[in-house]
$ cat run_0.txt   # compact mmCIF, C-alpha atoms and all ligand atoms
# COMPACT_ATOMS: atom_id res chain seq x y z
CA MET A 1 -87.91 -33.16 -16.22
CA LYS A 2 -85.58 -30.78 -14.42
CA LYS A 3 -82.49 -29.86 -16.39
CA LEU A 4 -78.82 -30.34 -15.63
CA TYR A 5 -76.23 -27.90 -16.97
CA SER A 6 -72.47 -28.08 -16.64
CA ALA A 7 -70.71 -24.81 -15.97
CA LEU A 8 -68.17 -25.02 -18.77
CA MET A 9 -64.50 -24.65 -17.93
CA THR A 10 -61.98 -22.80 -20.08
CA ALA A 11 -58.89 -24.74 -21.09
CA PHE A 12 -55.77 -22.57 -20.99
CA ASN A 13 -52.32 -23.18 -22.33
CA GLU A 14 -49.49 -22.95 -19.80
CA ASP A 15 -48.89 -19.31 -20.77
CA GLY A 16 -52.49 -18.34 -19.93
CA THR A 17 -53.76 -18.11 -23.50
CA VAL A 18 -56.99 -19.90 -24.35
CA ASN A 19 -56.70 -23.44 -25.67
CA GLU A 20 -59.71 -23.64 -27.98
CA LYS A 21 -59.14 -27.31 -28.76
CA GLY A 22 -59.41 -28.09 -25.06
CA VAL A 23 -62.62 -26.05 -24.76
CA ARG A 24 -64.13 -27.98 -27.65
CA ALA A 25 -63.03 -31.28 -26.11
CA MET A 26 -64.91 -30.46 -22.90
CA VAL A 27 -68.02 -29.50 -24.87
CA ARG A 28 -67.82 -32.86 -26.66
CA TYR A 29 -67.39 -34.74 -23.38
CA ASN A 30 -70.42 -33.02 -21.93
CA ILE A 31 -72.52 -33.92 -24.95
CA ASP A 32 -71.24 -37.40 -25.79
CA VAL A 33 -70.42 -38.82 -22.37
CA ASN A 34 -72.40 -36.74 -19.87
CA HIS A 35 -75.50 -36.42 -22.06
CA ILE A 36 -75.89 -33.05 -20.44
CA ASP A 37 -78.97 -30.88 -21.06
CA GLY A 38 -76.94 -27.73 -21.47
CA LEU A 39 -73.86 -25.64 -20.75
CA TYR A 40 -73.40 -22.38 -18.87
CA VAL A 41 -70.64 -20.66 -20.82
CA GLY A 42 -68.50 -17.80 -19.51
CA GLY A 43 -69.30 -18.09 -15.81
CA SER A 44 -67.12 -18.35 -12.73
CA THR A 45 -66.11 -21.91 -13.61
CA GLY A 46 -65.06 -20.64 -17.04
CA GLU A 47 -62.67 -18.21 -15.28
CA ALA A 48 -64.43 -15.60 -17.41
CA PHE A 49 -63.73 -12.64 -15.16
CA MET A 50 -60.05 -13.07 -16.03
CA LEU A 51 -60.61 -13.12 -19.82
CA ASN A 52 -60.46 -10.26 -22.29
CA GLN A 53 -63.25 -9.48 -24.72
CA ASP A 54 -61.65 -11.24 -27.70
CA GLU A 55 -61.04 -14.39 -25.66
CA LYS A 56 -64.66 -14.41 -24.48
CA LYS A 57 -65.89 -14.03 -28.05
CA ALA A 58 -63.65 -16.82 -29.31
CA ILE A 59 -64.98 -19.16 -26.62
CA PHE A 60 -68.64 -18.32 -27.26
CA LYS A 61 -68.06 -18.93 -30.97
CA ALA A 62 -66.22 -22.23 -30.52
CA VAL A 63 -68.81 -23.57 -28.08
CA ILE A 64 -71.87 -22.90 -30.23
CA ASP A 65 -70.03 -24.27 -33.24
CA GLU A 66 -69.01 -27.46 -31.42
CA ALA A 67 -72.42 -27.99 -29.79
CA ASP A 68 -74.13 -27.54 -33.15
CA GLY A 69 -77.63 -27.35 -31.69
CA ALA A 70 -77.32 -30.55 -29.62
CA ILE A 71 -77.86 -28.90 -26.20
CA ASP A 72 -79.07 -25.68 -24.53
CA LEU A 73 -76.47 -22.97 -24.20
CA ILE A 74 -76.49 -20.03 -21.80
CA ALA A 75 -73.90 -17.30 -22.38
CA GLN A 76 -72.80 -15.36 -19.30
CA VAL A 77 -71.97 -11.89 -20.66
CA GLY A 78 -71.94 -9.85 -17.47
CA GLY A 79 -69.02 -8.09 -15.85
CA LEU A 80 -67.86 -4.69 -14.73
CA ASN A 81 -67.66 -3.10 -18.18
CA LEU A 82 -71.24 -2.50 -19.27
CA ILE A 83 -70.26 -1.43 -22.78
CA GLU A 84 -68.45 -4.74 -23.24
CA SER A 85 -71.32 -6.72 -21.70
CA LYS A 86 -73.76 -5.13 -24.13
CA GLU A 87 -71.41 -5.85 -27.01
CA LEU A 88 -71.12 -9.48 -25.91
CA ALA A 89 -74.91 -9.78 -25.57
CA LYS A 90 -75.22 -8.64 -29.17
CA TYR A 91 -72.36 -10.88 -30.28
CA VAL A 92 -73.75 -14.08 -28.77
CA THR A 93 -77.26 -13.28 -29.95
CA ASP A 94 -75.95 -12.95 -33.49
CA LEU A 95 -74.13 -16.27 -33.06
CA GLY A 96 -77.45 -17.93 -32.20
CA TYR A 97 -77.46 -18.15 -28.40
CA LYS A 98 -81.06 -18.07 -27.18
CA THR A 99 -80.33 -17.28 -23.54
CA ILE A 100 -77.86 -14.98 -21.89
CA SER A 101 -77.01 -14.44 -18.27
CA ALA A 102 -75.25 -11.65 -16.42
CA VAL A 103 -73.65 -11.63 -13.01
CA THR A 104 -74.82 -8.90 -10.65
CA PRO A 105 -72.28 -6.08 -11.04
CA PHE A 106 -69.84 -6.23 -8.15
CA TYR A 107 -66.93 -4.46 -6.42
CA TYR A 108 -68.29 -0.86 -6.39
CA ASN A 109 -71.29 -1.45 -4.10
CA PHE A 110 -73.66 -0.38 -6.84
CA SER A 111 -77.10 0.78 -5.75
CA PHE A 112 -80.12 -1.24 -6.80
CA GLU A 113 -81.07 1.49 -9.29
CA GLN A 114 -77.64 1.09 -10.90
CA ILE A 115 -77.98 -2.70 -10.96
CA LYS A 116 -81.41 -2.39 -12.58
CA HIS A 117 -80.03 -0.01 -15.18
CA TYR A 118 -77.24 -2.54 -15.94
CA TYR A 119 -79.71 -5.38 -16.61
CA ASN A 120 -82.08 -3.25 -18.65
CA GLU A 121 -79.17 -1.98 -20.75
CA ILE A 122 -77.77 -5.47 -21.41
CA VAL A 123 -81.05 -6.73 -22.87
CA LYS A 124 -82.12 -3.46 -24.50
CA ASP A 125 -80.81 -4.07 -27.99
CA VAL A 126 -81.12 -7.86 -28.18
CA ASP A 127 -84.03 -10.29 -28.44
CA THR A 128 -82.33 -12.80 -26.18
CA GLN A 129 -83.82 -13.71 -22.79
CA LEU A 130 -81.69 -13.14 -19.69
CA ILE A 131 -81.10 -15.06 -16.47
CA ILE A 132 -79.81 -13.04 -13.51
CA TYR A 133 -76.63 -14.60 -12.14
CA SER A 134 -76.84 -14.19 -8.38
CA ILE A 135 -73.78 -15.36 -6.44
CA PRO A 136 -73.61 -13.23 -3.27
CA ALA A 137 -70.64 -15.13 -1.75
CA LEU A 138 -68.38 -13.97 -4.59
CA THR A 139 -69.98 -10.64 -5.55
CA GLY A 140 -71.13 -9.38 -2.16
CA VAL A 141 -74.43 -8.47 -3.87
CA SER A 142 -77.65 -9.90 -2.39
CA LEU A 143 -80.95 -9.11 -4.04
CA SER A 144 -84.25 -9.15 -2.12
CA ILE A 145 -87.53 -10.59 -3.36
CA ASP A 146 -88.78 -7.08 -4.14
CA GLN A 147 -85.61 -6.32 -6.11
CA PHE A 148 -85.88 -9.55 -8.12
CA ALA A 149 -89.52 -8.62 -8.79
CA GLU A 150 -88.45 -5.21 -10.05
CA LEU A 151 -85.87 -6.75 -12.40
CA PHE A 152 -88.55 -9.15 -13.67
CA GLU A 153 -90.67 -6.17 -14.70
CA ASN A 154 -88.52 -6.30 -17.83
CA PRO A 155 -90.10 -9.22 -19.76
CA LYS A 156 -86.73 -10.18 -21.22
CA VAL A 157 -85.49 -11.07 -17.73
CA ILE A 158 -86.75 -14.61 -17.33
CA GLY A 159 -85.00 -16.19 -14.39
CA ILE A 160 -82.27 -16.54 -11.79
CA LYS A 161 -79.16 -18.64 -11.58
CA TYR A 162 -79.34 -18.98 -7.84
CA THR A 163 -75.86 -19.70 -6.47
CA ASN A 164 -76.70 -19.02 -2.86
CA ALA A 165 -77.12 -21.10 0.28
CA ASP A 166 -80.05 -18.97 1.52
CA PHE A 167 -82.86 -21.50 1.18
CA TYR A 168 -85.43 -19.27 2.83
CA LEU A 169 -84.94 -16.71 0.07
CA LEU A 170 -84.99 -19.48 -2.54
CA GLU A 171 -88.34 -20.74 -1.22
CA ARG A 172 -89.72 -17.20 -1.21
CA CYS A 173 -88.50 -16.66 -4.79
CA ARG A 174 -90.10 -19.91 -5.95
CA GLN A 175 -93.43 -18.87 -4.42
CA ALA A 176 -93.23 -15.31 -5.69
CA PHE A 177 -92.12 -16.19 -9.23
CA PRO A 178 -93.74 -19.52 -10.16
CA ASP A 179 -93.33 -18.85 -13.88
CA LYS A 180 -89.69 -17.77 -13.77
CA LEU A 181 -86.80 -20.11 -14.42
CA ILE A 182 -84.78 -20.80 -11.27
CA LEU A 183 -81.60 -22.84 -11.66
CA SER A 184 -79.67 -23.72 -8.55
CA GLY A 185 -75.91 -23.16 -8.49
CA PHE A 186 -74.44 -25.05 -5.56
CA ASP A 187 -73.97 -28.68 -6.60
CA GLU A 188 -73.50 -29.85 -3.02
CA MET A 189 -76.98 -28.50 -2.19
CA MET A 190 -78.82 -29.73 -5.26
CA LEU A 191 -81.27 -31.94 -3.37
CA PRO A 192 -82.57 -29.23 -1.00
CA ALA A 193 -82.86 -26.95 -4.03
CA LEU A 194 -84.83 -29.63 -5.89
CA ALA A 195 -87.10 -29.92 -2.86
CA LEU A 196 -87.83 -26.21 -3.23
CA ASN A 197 -88.83 -26.87 -6.83
CA VAL A 198 -86.03 -25.30 -8.83
CA ASP A 199 -86.15 -25.96 -12.57
CA GLY A 200 -82.70 -27.48 -12.68
CA ALA A 201 -79.10 -27.03 -11.67
CA ILE A 202 -75.92 -25.55 -13.11
CA GLY A 203 -72.56 -26.59 -11.74
CA SER A 204 -68.86 -27.13 -12.16
CA THR A 205 -68.76 -30.62 -10.68
CA PHE A 206 -71.33 -31.94 -13.19
CA ASN A 207 -68.59 -31.77 -15.85
CA LEU A 208 -67.48 -35.12 -14.43
CA ASN A 209 -70.36 -36.26 -12.24
CA ALA A 210 -73.38 -35.64 -14.49
CA LYS A 211 -74.45 -39.30 -14.55
CA LYS A 212 -74.94 -39.46 -10.79
CA ALA A 213 -76.50 -35.99 -10.64
CA LYS A 214 -78.99 -37.00 -13.32
CA GLU A 215 -79.82 -40.19 -11.42
CA GLU A 216 -80.45 -38.05 -8.36
CA ILE A 217 -82.83 -35.80 -10.27
CA ALA A 218 -84.63 -38.86 -11.66
CA ALA A 219 -84.93 -40.40 -8.16
CA PHE A 220 -86.25 -37.12 -6.78
CA GLU A 221 -88.79 -36.81 -9.57
CA ALA A 222 -89.90 -40.42 -9.00
CA GLY A 223 -90.50 -39.57 -5.33
CA ASP A 224 -87.66 -41.82 -4.10
CA LEU A 225 -86.14 -39.42 -1.60
CA THR A 226 -84.08 -42.10 0.13
CA LYS A 227 -82.28 -42.87 -3.11
CA ALA A 228 -81.93 -39.18 -4.00
CA LEU A 229 -80.37 -38.46 -0.61
CA GLN A 230 -77.98 -41.39 -0.93
CA LEU A 231 -76.87 -40.10 -4.36
CA GLN A 232 -76.43 -36.57 -3.00
CA LYS A 233 -74.31 -38.00 -0.19
CA GLU A 234 -72.12 -39.85 -2.70
CA SER A 235 -71.81 -36.71 -4.83
CA ASN A 236 -70.91 -34.67 -1.77
CA ASP A 237 -68.10 -37.09 -0.89
CA TYR A 238 -66.71 -36.42 -4.38
CA ILE A 239 -67.31 -32.64 -4.17
CA THR A 240 -65.62 -32.48 -0.75
CA ASP A 241 -62.58 -34.29 -2.18
CA LEU A 242 -62.50 -31.86 -5.13
CA LEU A 243 -62.77 -28.78 -2.92
CA GLN A 244 -59.97 -30.06 -0.67
CA ASN A 245 -57.69 -30.61 -3.67
CA ASP A 246 -58.36 -27.16 -5.32
CA LEU A 247 -61.57 -27.30 -7.34
CA TYR A 248 -60.96 -25.99 -10.85
CA PRO A 249 -57.42 -27.32 -11.49
CA THR A 250 -58.48 -30.67 -10.07
CA ILE A 251 -61.47 -30.99 -12.42
CA LYS A 252 -59.08 -30.25 -15.30
CA LEU A 253 -56.58 -32.83 -14.06
CA ILE A 254 -59.32 -35.46 -13.82
CA PHE A 255 -60.46 -34.59 -17.33
CA LYS A 256 -56.87 -35.27 -18.42
CA GLU A 257 -56.96 -38.67 -16.67
CA LEU A 258 -60.10 -39.41 -18.67
CA GLY A 259 -58.39 -38.54 -21.95
CA VAL A 260 -59.74 -34.99 -22.34
CA ASP A 261 -57.11 -32.27 -22.64
CA ALA A 262 -58.69 -29.61 -20.43
CA GLY A 263 -55.46 -27.64 -20.16
CA TYR A 264 -54.55 -25.45 -17.21
CA CYS A 265 -56.16 -22.76 -15.10
CA LYS A 266 -55.14 -19.15 -15.57
CA ALA A 267 -52.94 -17.39 -12.99
CA PRO A 268 -53.56 -16.40 -10.29
CA MET A 269 -55.44 -19.73 -10.17
CA SER A 270 -53.04 -22.52 -9.17
CA LYS A 271 -50.87 -24.54 -11.50
CA PRO A 272 -50.87 -28.24 -10.65
CA ASN A 273 -48.17 -29.36 -8.23
CA PRO A 274 -47.20 -33.00 -7.58
CA GLU A 275 -49.43 -33.27 -4.52
CA MET A 276 -52.45 -31.89 -6.40
CA ILE A 277 -51.81 -34.21 -9.34
CA ALA A 278 -51.63 -37.22 -7.01
CA GLY A 279 -54.84 -36.07 -5.32
CA ALA A 280 -56.64 -35.71 -8.67
CA LYS A 281 -55.51 -39.19 -9.74
CA ALA A 282 -56.84 -40.63 -6.48
CA ILE A 283 -60.22 -38.86 -6.91
CA CYS A 284 -60.45 -40.11 -10.48
CA GLU A 285 -59.64 -43.65 -9.39
CA LYS A 286 -62.13 -43.51 -6.52
CA TYR A 287 -65.12 -42.14 -8.43
CA PHE A 288 -64.64 -42.54 -12.17
CA LYS A 289 -62.76 -45.78 -12.89
C1 LIG B 301 -70.44 -20.64 -12.57
O1 LIG B 301 -70.67 -19.49 -12.90
O2 LIG B 301 -69.62 -21.32 -13.17
C2 LIG B 301 -71.12 -21.17 -11.40
O3 LIG B 301 -71.53 -20.42 -10.54
C3 LIG B 301 -71.34 -22.61 -11.31
C4 LIG B 301 -71.66 -22.98 -9.92
C5 LIG B 301 -70.39 -23.29 -9.18
N1 LIG B 301 -69.95 -22.13 -8.47
C6 LIG B 301 -68.68 -21.75 -8.43
C7 LIG B 301 -68.45 -20.44 -7.77
O4 LIG B 301 -67.77 -22.40 -8.88
O5 LIG B 301 -70.78 -25.57 -9.26
C8 LIG B 301 -70.64 -24.52 -8.36
C9 LIG B 301 -69.51 -24.84 -7.36
O6 LIG B 301 -68.28 -24.90 -8.04
C10 LIG B 301 -69.75 -26.17 -6.68
O7 LIG B 301 -71.02 -26.18 -6.10
C11 LIG B 301 -68.67 -26.46 -5.64
O8 LIG B 301 -68.80 -25.59 -4.54
$ encode --input "run_0.txt" --output "structure tokens" --more "lines below"
Ligand code: NAY
Amino acid sequence: MKKLYSALMTAFNEDGTVNEKGVRAMVRYNIDVNHIDGLYVGGSTGEAFMLNQDEKKAIFKAVIDEADGAIDLIAQVGGLNLIESKELAKYVTDLGYKTISAVTPFYYNFSFEQIKHYYNEIVKDVDTQLIIYSIPALTGVSLSIDQFAELFENPKVIGIKYTNADFYLLERCRQAFPDKLILSGFDEMMLPALALNVDGAIGSTFNLNAKKAKEEIAAFEAGDLTKALQLQKESNDYITDLLQNDLYPTIKLIFKELGVDAGYCKAPMSKPNPEMIAGAKAICEKYFK
């Protein structure tokens, strides 16, 4: 069975500090209500590139404590400070995380040799397996098949979180790396990714919509493509509404409607305004009540 992971959000207090209680509440919701297979912790959805090292550590610790072995956990430790990424890799490994992930290093137009060095360094002193986090739309970094193959020469590098709409490359990756883990990252394109035989999906919108996404995976695996497509269409109506209302703050507002204190986003992400709050209430009413 293909796996479904929520990309965990970070709950913030109004002043931008981390609200650990809110983080734990979202972990609980994912386990108890969503029956999720796992969580991707410290990724884009977690607003992790705006967190300091101590905040990241506190979140990784709270999440593994709250999950208490109930689900898979993947810790995204990558960023622009390699020393800190290595330290985080060690930290989460010591906490008990079995899998880490690291975003391709961005902003400085690093050469492939530099990117390769980054990945090899992150896994060098830990036993943990690593999934490459590829998200070219946000990082500007696209890896080719040959470059993925070169990164996979390190046996600790076991897969790709593929947040990319290039389905030709995805198909080529699947053929080239049949034994590697490929998890798709765009929720609105889960069905085409399933058709290309990904091993599962990781996404922000599954925090609320996991039930339908799981039904879609089950329909796909049962060969009922008509039903799978209908479910993807319904999910995409919901995802379109979320994107139009400001994605991350809206997911948090809907959590609040459902009794989960998911807190706020961190500036410069938006604070809720009356229009956004009304929009979130309407989305909640339309899809979740
Ligand atoms: C992450 O690191 O949290 C992810 O990449 C999860 C994947 C999400 N990407 C982003 C950039 O948020 O779930 C997707 C995305 O929010 C969704 O498909 C809506 O576009």
$ residues_around --input "run_0.txt" --residues "Ser235 in chain A" --least-positions-apart "2" --cutoff "10 Å" --atoms "only C-alpha atoms" --output "PyMOL selection string"
chain A and resi 187-188+190+205-206+209-210+212-213+216+229-233+237-241+287
$ atom_distance --input "run_0.txt" --atom1 "CA of Asn245 in chain A" --atom2 "CA of Glu20 in chain A"
25.4 Å
$ axis_aligned_box --input "run_0.txt" --around "ligand LIG 301 (chain B)" --padding-each-side "3 Å" --output "AutoDock Vina command-line options"
--center_x -69.7 --center_y -23.0 --center_z -8.9 --size_x 9.9 --size_y 13.0 --size_z 14.6
$ residues_around --input "run_0.txt" --residues "Val123 in chain A" --least-positions-apart "4" --cutoff "9 Å" --atoms "only C-alpha atoms" --output "list in words"
Lys86, Ala89, Lys90, Ile100, Tyr118, Tyr119, Asp127, Thr128, Gln129, Leu130, Lys156 and Val157 of chain A
$ residues_around --input "run_0.txt" --residues "Val260 in chain A" --least-positions-apart "3" --cutoff "10 Å" --atoms "all atoms listed in the file" --output "VMD selection string"
chain A and resid 22 to 26 28 to 29 252 to 257 263
$ write_last_selection --input "run_0.txt" --atoms "C-alpha atoms" --output "PDB file, in the frame of the given file"
ATOM      1  CA  GLY A  22     -59.410 -28.090 -25.060  1.00  0.00           C
ATOM      2  CA  VAL A  23     -62.620 -26.050 -24.760  1.00  0.00           C
ATOM      3  CA  ARG A  24     -64.130 -27.980 -27.650  1.00  0.00           C
ATOM      4  CA  ALA A  25     -63.030 -31.280 -26.110  1.00  0.00           C
ATOM      5  CA  MET A  26     -64.910 -30.460 -22.900  1.00  0.00           C
ATOM      6  CA  ARG A  28     -67.820 -32.860 -26.660  1.00  0.00           C
ATOM      7  CA  TYR A  29     -67.390 -34.740 -23.380  1.00  0.00           C
ATOM      8  CA  LYS A 252     -59.080 -30.250 -15.300  1.00  0.00           C
ATOM      9  CA  LEU A 253     -56.580 -32.830 -14.060  1.00  0.00           C
ATOM     10  CA  ILE A 254     -59.320 -35.460 -13.820  1.00  0.00           C
ATOM     11  CA  PHE A 255     -60.460 -34.590 -17.330  1.00  0.00           C
ATOM     12  CA  LYS A 256     -56.870 -35.270 -18.420  1.00  0.00           C
ATOM     13  CA  GLU A 257     -56.960 -38.670 -16.670  1.00  0.00           C
ATOM     14  CA  GLY A 263     -55.460 -27.640 -20.160  1.00  0.00           C
TER      15      GLY A 263
END
$ atom_distance --input "run_0.txt" --atom1 "CA of Ala11 in chain A" --atom2 "CA of Lys266 in chain A"
8.7 Å
$ build_atoms --input "run_0.txt" --residues "range 259-288 of chain A" --atoms "N, CA and C atoms" --output "short mmCIF file (atom, residue, chain, number, x, y, z; two decimals), keeping the file's coordinate frame"
data_model
loop_
_atom_site.label_atom_id
_atom_site.label_comp_id
_atom_site.auth_asym_id
_atom_site.auth_seq_id
_atom_site.Cartn_x
_atom_site.Cartn_y
_atom_site.Cartn_z
N GLY A 259 -58.73 -38.66 -20.53
CA GLY A 259 -58.39 -38.54 -21.95
C GLY A 259 -58.86 -37.25 -22.60
N VAL A 260 -59.28 -36.27 -21.79
CA VAL A 260 -59.74 -34.99 -22.34
C VAL A 260 -58.72 -33.92 -21.96
N ASP A 261 -58.12 -33.27 -22.95
CA ASP A 261 -57.11 -32.27 -22.64
C ASP A 261 -57.77 -30.95 -22.24
N ALA A 262 -58.00 -30.80 -20.94
CA ALA A 262 -58.69 -29.61 -20.43
C ALA A 262 -57.72 -28.48 -20.10
N GLY A 263 -56.46 -28.69 -20.35
CA GLY A 263 -55.46 -27.64 -20.16
C GLY A 263 -55.29 -27.24 -18.70
N TYR A 264 -54.90 -25.98 -18.53
CA TYR A 264 -54.55 -25.45 -17.21
C TYR A 264 -55.55 -24.38 -16.80
N CYS A 265 -55.45 -23.95 -15.54
CA CYS A 265 -56.16 -22.76 -15.10
C CYS A 265 -55.27 -21.55 -15.37
N LYS A 266 -55.88 -20.38 -15.28
CA LYS A 266 -55.14 -19.15 -15.57
C LYS A 266 -54.70 -18.49 -14.26
N ALA A 267 -53.44 -18.08 -14.19
CA ALA A 267 -52.94 -17.39 -12.99
C ALA A 267 -53.81 -16.16 -12.75
N PRO A 268 -54.12 -15.83 -11.51
CA PRO A 268 -53.56 -16.40 -10.29
C PRO A 268 -54.19 -17.70 -9.78
N MET A 269 -55.02 -18.38 -10.57
CA MET A 269 -55.44 -19.73 -10.17
C MET A 269 -54.18 -20.61 -10.14
N SER A 270 -54.25 -21.71 -9.36
CA SER A 270 -53.04 -22.52 -9.17
C SER A 270 -52.67 -23.34 -10.40
N LYS A 271 -51.38 -23.53 -10.56
CA LYS A 271 -50.87 -24.54 -11.50
C LYS A 271 -50.78 -25.85 -10.71
N PRO A 272 -50.95 -26.97 -11.39
CA PRO A 272 -50.87 -28.24 -10.65
C PRO A 272 -49.48 -28.45 -10.05
N ASN A 273 -49.45 -28.94 -8.84
CA ASN A 273 -48.17 -29.36 -8.23
C ASN A 273 -48.27 -30.87 -8.00
N PRO A 274 -47.16 -31.53 -7.68
CA PRO A 274 -47.20 -33.00 -7.58
C PRO A 274 -48.26 -33.52 -6.62
N GLU A 275 -48.45 -32.82 -5.52
CA GLU A 275 -49.43 -33.27 -4.52
C GLU A 275 -50.85 -33.18 -5.10
N MET A 276 -51.12 -32.07 -5.80
CA MET A 276 -52.45 -31.89 -6.40
C MET A 276 -52.70 -32.94 -7.49
N ILE A 277 -51.66 -33.22 -8.26
CA ILE A 277 -51.81 -34.21 -9.34
C ILE A 277 -52.11 -35.59 -8.74
N ALA A 278 -51.39 -35.93 -7.67
CA ALA A 278 -51.63 -37.22 -7.01
C ALA A 278 -53.05 -37.26 -6.45
N GLY A 279 -53.48 -36.14 -5.87
CA GLY A 279 -54.84 -36.07 -5.32
C GLY A 279 -55.88 -36.25 -6.40
N ALA A 280 -55.67 -35.61 -7.56
CA ALA A 280 -56.64 -35.71 -8.67
C ALA A 280 -56.71 -37.15 -9.18
N LYS A 281 -55.53 -37.78 -9.28
CA LYS A 281 -55.51 -39.19 -9.74
C LYS A 281 -56.31 -40.07 -8.78
N ALA A 282 -56.12 -39.82 -7.49
CA ALA A 282 -56.84 -40.63 -6.48
C ALA A 282 -58.35 -40.40 -6.59
N ILE A 283 -58.77 -39.15 -6.80
CA ILE A 283 -60.22 -38.86 -6.91
C ILE A 283 -60.78 -39.54 -8.16
N CYS A 284 -60.01 -39.48 -9.22
CA CYS A 284 -60.45 -40.11 -10.48
C CYS A 284 -60.62 -41.61 -10.28
N GLU A 285 -59.62 -42.20 -9.65
CA GLU A 285 -59.64 -43.65 -9.39
C GLU A 285 -60.84 -44.03 -8.51
N LYS A 286 -61.08 -43.21 -7.50
CA LYS A 286 -62.13 -43.51 -6.52
C LYS A 286 -63.54 -43.39 -7.12
N TYR A 287 -63.74 -42.40 -7.99
CA TYR A 287 -65.12 -42.14 -8.43
C TYR A 287 -65.39 -42.46 -9.90
N PHE A 288 -64.36 -42.48 -10.73
CA PHE A 288 -64.64 -42.54 -12.17
C PHE A 288 -63.98 -43.70 -12.90
#
